[in-house]
>>> print(open('coords.cif').read())   # mmCIF, C-alpha atoms; chains and numbers go by the auth columns
data_target
#
loop_
_atom_site.group_PDB
_atom_site.id
_atom_site.type_symbol
_atom_site.label_atom_id
_atom_site.label_comp_id
_atom_site.label_asym_id
_atom_site.label_seq_id
_atom_site.Cartn_x
_atom_site.Cartn_y
_atom_site.Cartn_z
_atom_site.B_iso_or_equiv
_atom_site.auth_seq_id
_atom_site.auth_asym_id
ATOM 1 C CA MET A 1 82.350 98.480 113.412 0.00 1 A
ATOM 2 C CA ILE A 2 84.689 95.556 113.944 0.00 2 A
ATOM 3 C CA SER A 3 88.447 95.954 114.071 0.00 3 A
ATOM 4 C CA GLU A 4 90.493 93.200 112.465 0.00 4 A
ATOM 5 C CA SER A 5 94.236 92.884 111.986 0.00 5 A
ATOM 6 C CA VAL A 6 95.444 91.800 108.571 0.00 6 A
ATOM 7 C CA LYS A 7 98.917 91.028 107.288 0.00 7 A
ATOM 8 C CA CYS A 8 100.123 93.614 104.791 0.00 8 A
ATOM 9 C CA ILE A 9 103.180 93.710 102.577 0.00 9 A
ATOM 10 C CA PRO A 10 104.607 96.471 100.397 0.00 10 A
ATOM 11 C CA LEU A 11 103.551 96.413 96.745 0.00 11 A
ATOM 12 C CA ASP A 12 107.189 95.890 95.673 0.00 12 A
ATOM 13 C CA GLU A 13 107.369 92.752 97.804 0.00 13 A
ATOM 14 C CA LEU A 14 104.081 91.457 96.414 0.00 14 A
ATOM 15 C CA ILE A 15 105.293 91.963 92.846 0.00 15 A
ATOM 16 C CA GLU A 16 108.624 90.242 93.553 0.00 16 A
ATOM 17 C CA THR A 17 107.025 87.340 95.446 0.00 17 A
ATOM 18 C CA TYR A 18 104.662 86.520 92.579 0.00 18 A
ATOM 19 C CA ASN A 19 107.108 87.520 89.812 0.00 19 A
ATOM 20 C CA TYR A 20 104.638 90.012 88.424 0.00 20 A
ATOM 21 C CA SER A 21 106.083 91.971 85.548 0.00 21 A
ATOM 22 C CA GLY A 22 103.168 93.596 83.767 0.00 22 A
ATOM 23 C CA VAL A 23 101.112 95.940 85.905 0.00 23 A
ATOM 24 C CA ASN A 24 99.082 98.144 83.549 0.00 24 A
ATOM 25 C CA PHE A 25 96.527 99.648 85.925 0.00 25 A
ATOM 26 C CA ILE A 26 96.524 100.423 89.627 0.00 26 A
ATOM 27 C CA GLN A 27 93.346 101.426 91.489 0.00 27 A
ATOM 28 C CA ILE A 28 93.922 102.985 94.898 0.00 28 A
ATOM 29 C CA ASP A 29 91.161 103.896 97.357 0.00 29 A
ATOM 30 C CA THR A 30 92.558 103.655 100.851 0.00 30 A
ATOM 31 C CA GLU A 31 90.629 106.423 102.619 0.00 31 A
ATOM 32 C CA GLY A 32 93.405 108.920 103.106 0.00 32 A
ATOM 33 C CA TYR A 33 96.489 106.765 102.540 0.00 33 A
ATOM 34 C CA ASP A 34 96.578 106.969 98.747 0.00 34 A
ATOM 35 C CA SER A 35 99.494 109.411 98.767 0.00 35 A
ATOM 36 C CA GLU A 36 101.630 107.056 100.866 0.00 36 A
ATOM 37 C CA ILE A 37 101.081 104.221 98.407 0.00 37 A
ATOM 38 C CA ILE A 38 101.802 106.379 95.356 0.00 38 A
ATOM 39 C CA LEU A 39 104.905 107.950 96.853 0.00 39 A
ATOM 40 C CA ASN A 40 106.263 104.470 97.589 0.00 40 A
ATOM 41 C CA LEU A 41 105.766 103.106 94.074 0.00 41 A
ATOM 42 C CA ASN A 42 109.087 102.099 92.567 0.00 42 A
ATOM 43 C CA PHE A 43 108.762 103.077 88.915 0.00 43 A
ATOM 44 C CA LYS A 44 112.014 101.267 88.111 0.00 44 A
ATOM 45 C CA LYS A 45 110.269 97.979 88.944 0.00 45 A
ATOM 46 C CA ILE A 46 106.748 98.692 87.704 0.00 46 A
ATOM 47 C CA LYS A 47 105.365 101.482 85.576 0.00 47 A
ATOM 48 C CA PRO A 48 101.617 101.095 85.146 0.00 48 A
ATOM 49 C CA GLN A 49 100.027 102.914 82.232 0.00 49 A
ATOM 50 C CA ILE A 50 97.246 104.230 84.474 0.00 50 A
ATOM 51 C CA ILE A 51 97.031 104.967 88.207 0.00 51 A
ATOM 52 C CA HIS A 52 93.597 105.931 89.510 0.00 52 A
ATOM 53 C CA PHE A 53 93.401 107.275 93.045 0.00 53 A
ATOM 54 C CA GLU A 54 91.219 109.220 95.443 0.00 54 A
ATOM 55 C CA HIS A 55 92.553 112.619 96.424 0.00 55 A
ATOM 56 C CA GLY A 56 89.375 114.030 97.990 0.00 56 A
ATOM 57 C CA TYR A 57 91.393 117.185 98.556 0.00 57 A
ATOM 58 C CA ARG A 58 88.439 119.343 99.520 0.00 58 A
ATOM 59 C CA HIS A 59 87.173 116.617 101.855 0.00 59 A
ATOM 60 C CA LYS A 60 90.499 116.140 103.634 0.00 60 A
ATOM 61 C CA HIS A 61 91.308 112.671 102.274 0.00 61 A
ATOM 62 C CA MET A 62 94.644 114.054 101.136 0.00 62 A
ATOM 63 C CA SER A 63 96.323 117.226 102.341 0.00 63 A
ATOM 64 C CA GLU A 64 97.386 119.928 99.918 0.00 64 A
ATOM 65 C CA VAL A 65 101.013 119.191 100.810 0.00 65 A
ATOM 66 C CA ASN A 66 100.629 115.475 100.028 0.00 66 A
ATOM 67 C CA LEU A 67 98.672 116.187 96.859 0.00 67 A
ATOM 68 C CA ASN A 68 101.506 118.428 95.651 0.00 68 A
ATOM 69 C CA LYS A 69 104.070 115.726 96.507 0.00 69 A
ATOM 70 C CA VAL A 70 102.046 113.146 94.569 0.00 70 A
ATOM 71 C CA ARG A 71 101.628 115.506 91.616 0.00 71 A
ATOM 72 C CA THR A 72 105.372 116.243 91.512 0.00 72 A
ATOM 73 C CA TYR A 73 106.364 112.576 91.921 0.00 73 A
ATOM 74 C CA LEU A 74 104.044 111.448 89.138 0.00 74 A
ATOM 75 C CA HIS A 75 105.067 114.276 86.781 0.00 75 A
ATOM 76 C CA ASP A 76 108.750 113.572 87.470 0.00 76 A
ATOM 77 C CA ASN A 77 108.118 109.980 86.381 0.00 77 A
ATOM 78 C CA GLY A 78 106.423 110.920 83.119 0.00 78 A
ATOM 79 C CA TYR A 79 102.751 110.920 84.106 0.00 79 A
ATOM 80 C CA GLU A 80 100.066 113.419 83.198 0.00 80 A
ATOM 81 C CA ILE A 81 97.199 113.780 85.670 0.00 81 A
ATOM 82 C CA SER A 82 93.510 114.425 85.129 0.00 82 A
ATOM 83 C CA PHE A 83 91.578 115.558 88.208 0.00 83 A
ATOM 84 C CA SER A 84 87.901 115.256 89.035 0.00 84 A
ATOM 85 C CA THR A 85 86.191 116.361 92.249 0.00 85 A
ATOM 86 C CA TYR A 86 87.303 113.406 94.395 0.00 86 A
ATOM 87 C CA ASP A 87 89.532 111.281 92.174 0.00 87 A
ATOM 88 C CA ALA A 88 92.491 111.622 89.855 0.00 88 A
ATOM 89 C CA THR A 89 93.839 109.568 86.996 0.00 89 A
ATOM 90 C CA ALA A 90 97.548 109.580 86.246 0.00 90 A
ATOM 91 C CA TYR A 91 98.509 108.222 82.846 0.00 91 A
ATOM 92 C CA LEU A 92 101.532 107.838 80.632 0.00 92 A
ATOM 93 C CA PRO A 93 100.843 109.981 77.546 0.00 93 A
ATOM 94 C CA GLU A 94 102.549 107.528 75.166 0.00 94 A
ATOM 95 C CA PHE A 95 99.922 104.897 75.980 0.00 95 A
ATOM 96 C CA ILE A 96 96.929 107.017 75.040 0.00 96 A
ATOM 97 C CA ILE A 97 95.380 105.653 71.872 0.00 97 A
ATOM 98 C CA GLN A 98 94.781 108.319 69.312 0.00 98 A
ATOM 99 C CA ASP A 99 92.440 107.904 66.374 0.00 99 A
ATOM 100 C CA GLU A 100 94.149 108.057 63.037 0.00 100 A
ATOM 101 C CA ILE A 101 92.886 110.728 60.718 0.00 101 A
ATOM 102 C CA ASP A 102 92.533 109.583 57.105 0.00 102 A
#
>>> encode(input="coords.cif", output="structure tokens")
Amino acid sequence: MISESVKCIPLDELIETYNYSGVNFIQIDTEGYDSEIILNLNFKKIKPQIIHFEHGYRHKHMSEVNLNKVRTYLHDNGYEISFSTYDATAYLPEFIIQDEID
């Protein structure tokens, strides 16, 4: 394994620097830091339709406390969440396409 330092900036700063206004999907897989990224999302600046992240709750990627914080934060901002064994998908219900019934 090789250690390498890289310059990082907050997502808000990245969006402002490049004048990004339309983020529809965010994929997060940061080996245990997913909750920190989600809890720092500023939904007044960006509100992606879908946020996919790794919780790995049973495998200690995210603590139960952090998972509950993430769940509350996302729900408070209008997201529903679908969980699988390792991952979760948060989505805004109004963006789900529903088939029309004739």
>>> closest_residue(input="coords.cif", among="A:Ile9, A:Ile38, A:Val65, A:Ile26", to="A:Ile51", atoms="all atoms listed in the file")
A:Ile26
>>> atom_distance(input="coords.cif", atom1="atom CA of A:Ser21", atom2="atom CA of A:Leu92")
17.2 Å
>>> closest_residue(input="coords.cif", among="A:Glu54, A:Phe43, A:Val6, A:His61", to="A:Asp76", atoms="all atoms listed in the file")
A:Phe43
>>> resolve_selection(input="coords.cif", expression="the PyMOL selection byres ((chain A and resi 11) around 12)", output="ChimeraX atom specification")
/A:8-10,12-20,23,26,28,36-43,45-46
>>> closest_residue(input="coords.cif", among="A:Pro48, A:Pro93, A:Gly56, A:Gly78", to="A:Ser35", atoms="only C-alpha atoms")
A:Gly56
>>> residues_near_point(input="coords.cif", point="(95.5, 111.5, 88.9)", cutoff="10 Å", atoms="all atoms listed in the file", output="PyMOL selection string")
chain A and resi 50-55+67+70-71+74+79-84+87-91
>>> write_last_selection(input="coords.cif", atoms="C-alpha atoms", output="PDB file, keeping the file's coordinate frame")
ATOM      1  CA  ILE A  50      97.246 104.230  84.474  1.00  0.00           C
ATOM      2  CA  ILE A  51      97.031 104.967  88.207  1.00  0.00           C
ATOM      3  CA  HIS A  52      93.597 105.931  89.510  1.00  0.00           C
ATOM      4  CA  PHE A  53      93.401 107.275  93.045  1.00  0.00           C
ATOM      5  CA  GLU A  54      91.219 109.220  95.443  1.00  0.00           C
ATOM      6  CA  HIS A  55      92.553 112.619  96.424  1.00  0.00           C
ATOM      7  CA  LEU A  67      98.672 116.187  96.859  1.00  0.00           C
ATOM      8  CA  VAL A  70     102.046 113.146  94.569  1.00  0.00           C
ATOM      9  CA  ARG A  71     101.628 115.506  91.616  1.00  0.00           C
ATOM     10  CA  LEU A  74     104.044 111.448  89.138  1.00  0.00           C
ATOM     11  CA  TYR A  79     102.751 110.920  84.106  1.00  0.00           C
ATOM     12  CA  GLU A  80     100.066 113.419  83.198  1.00  0.00           C
ATOM     13  CA  ILE A  81      97.199 113.780  85.670  1.00  0.00           C
ATOM     14  CA  SER A  82      93.510 114.425  85.129  1.00  0.00           C
ATOM     15  CA  PHE A  83      91.578 115.558  88.208  1.00  0.00           C
ATOM     16  CA  SER A  84      87.901 115.256  89.035  1.00  0.00           C
ATOM     17  CA  ASP A  87      89.532 111.281  92.174  1.00  0.00           C
ATOM     18  CA  ALA A  88      92.491 111.622  89.855  1.00  0.00           C
ATOM     19  CA  THR A  89      93.839 109.568  86.996  1.00  0.00           C
ATOM     20  CA  ALA A  90      97.548 109.580  86.246  1.00  0.00           C
ATOM     21  CA  TYR A  91      98.509 108.222  82.846  1.00  0.00           C
TER      22      TYR A  91
END
>>> atom_distance(input="coords.cif", atom1="atom CA of A:Tyr73", atom2="atom CA of A:Gln49")
15.1 Å
>>> closest_residue(input="coords.cif", among="A:Lys47, A:Gly32, A:Tyr86, A:Ser5", to="A:Ser63", atoms="all atoms listed in the file")
A:Gly32
>>> atom_distance(input="coords.cif", atom1="atom CA of A:His75", atom2="atom CA of A:Glu94")
13.7 Å
>>> axis_aligned_box(input="coords.cif", around="stretch 51-56 of chain A", padding_each_side="6 Å", output="lines of an AutoDock Vina configuration file")
center_x = 93.2
center_y = 109.5
center_z = 93.1
size_x = 19.7
size_y = 21.1
size_z = 21.8
>>> decode(input="coords.cif", residues="stretch 35-56 of chain A", atoms="N, CA and C atoms", output="short mmCIF file (atom, residue, chain, number, x, y, z; two decimals), in the first residue's frame")
data_model
loop_
_atom_site.label_atom_id
_atom_site.label_comp_id
_atom_site.auth_asym_id
_atom_site.auth_seq_id
_atom_site.Cartn_x
_atom_site.Cartn_y
_atom_site.Cartn_z
N SER A 35 -21.14 9.03 5.94
CA SER A 35 -22.03 9.82 6.79
C SER A 35 -21.53 11.26 6.91
N GLU A 36 -20.23 11.47 7.00
CA GLU A 36 -19.69 12.82 7.11
C GLU A 36 -20.02 13.64 5.87
N ILE A 37 -19.92 13.02 4.71
CA ILE A 37 -20.22 13.72 3.46
C ILE A 37 -21.70 14.07 3.40
N ILE A 38 -22.55 13.10 3.69
CA ILE A 38 -24.00 13.33 3.63
C ILE A 38 -24.42 14.40 4.62
N LEU A 39 -23.93 14.32 5.83
CA LEU A 39 -24.33 15.28 6.86
C LEU A 39 -23.82 16.69 6.59
N ASN A 40 -22.88 16.83 5.66
CA ASN A 40 -22.38 18.15 5.29
C ASN A 40 -22.95 18.65 3.97
N LEU A 41 -23.87 17.91 3.37
CA LEU A 41 -24.51 18.39 2.15
C LEU A 41 -25.41 19.57 2.50
N ASN A 42 -25.31 20.62 1.72
CA ASN A 42 -26.15 21.80 1.93
C ASN A 42 -27.30 21.73 0.93
N PHE A 43 -28.45 21.27 1.38
CA PHE A 43 -29.58 21.07 0.49
C PHE A 43 -30.21 22.38 0.03
N LYS A 44 -29.76 23.50 0.56
CA LYS A 44 -30.22 24.79 0.04
C LYS A 44 -29.46 25.14 -1.24
N LYS A 45 -28.27 24.58 -1.40
CA LYS A 45 -27.46 24.85 -2.59
C LYS A 45 -27.65 23.78 -3.66
N ILE A 46 -27.69 22.53 -3.25
CA ILE A 46 -27.92 21.43 -4.19
C ILE A 46 -28.91 20.45 -3.57
N LYS A 47 -29.74 19.87 -4.40
CA LYS A 47 -30.69 18.88 -3.90
C LYS A 47 -30.79 17.79 -4.96
N PRO A 48 -29.84 16.86 -4.95
CA PRO A 48 -29.87 15.79 -5.94
C PRO A 48 -31.12 14.93 -5.79
N GLN A 49 -31.59 14.41 -6.90
CA GLN A 49 -32.77 13.54 -6.88
C GLN A 49 -32.46 12.22 -6.18
N ILE A 50 -31.21 11.76 -6.36
CA ILE A 50 -30.81 10.46 -5.81
C ILE A 50 -29.44 10.58 -5.16
N ILE A 51 -29.30 9.99 -3.98
CA ILE A 51 -28.01 9.89 -3.29
C ILE A 51 -27.81 8.41 -2.95
N HIS A 52 -26.79 7.82 -3.52
CA HIS A 52 -26.49 6.41 -3.26
C HIS A 52 -25.23 6.35 -2.41
N PHE A 53 -25.30 5.60 -1.30
CA PHE A 53 -24.15 5.56 -0.41
C PHE A 53 -24.02 4.19 0.24
N GLU A 54 -22.84 3.95 0.77
CA GLU A 54 -22.53 2.69 1.45
C GLU A 54 -22.70 2.91 2.95
N HIS A 55 -23.58 2.12 3.56
CA HIS A 55 -23.72 2.21 5.01
C HIS A 55 -22.98 1.06 5.68
N GLY A 56 -22.99 -0.11 5.07
CA GLY A 56 -22.27 -1.26 5.61
C GLY A 56 -22.43 -1.41 7.10
#
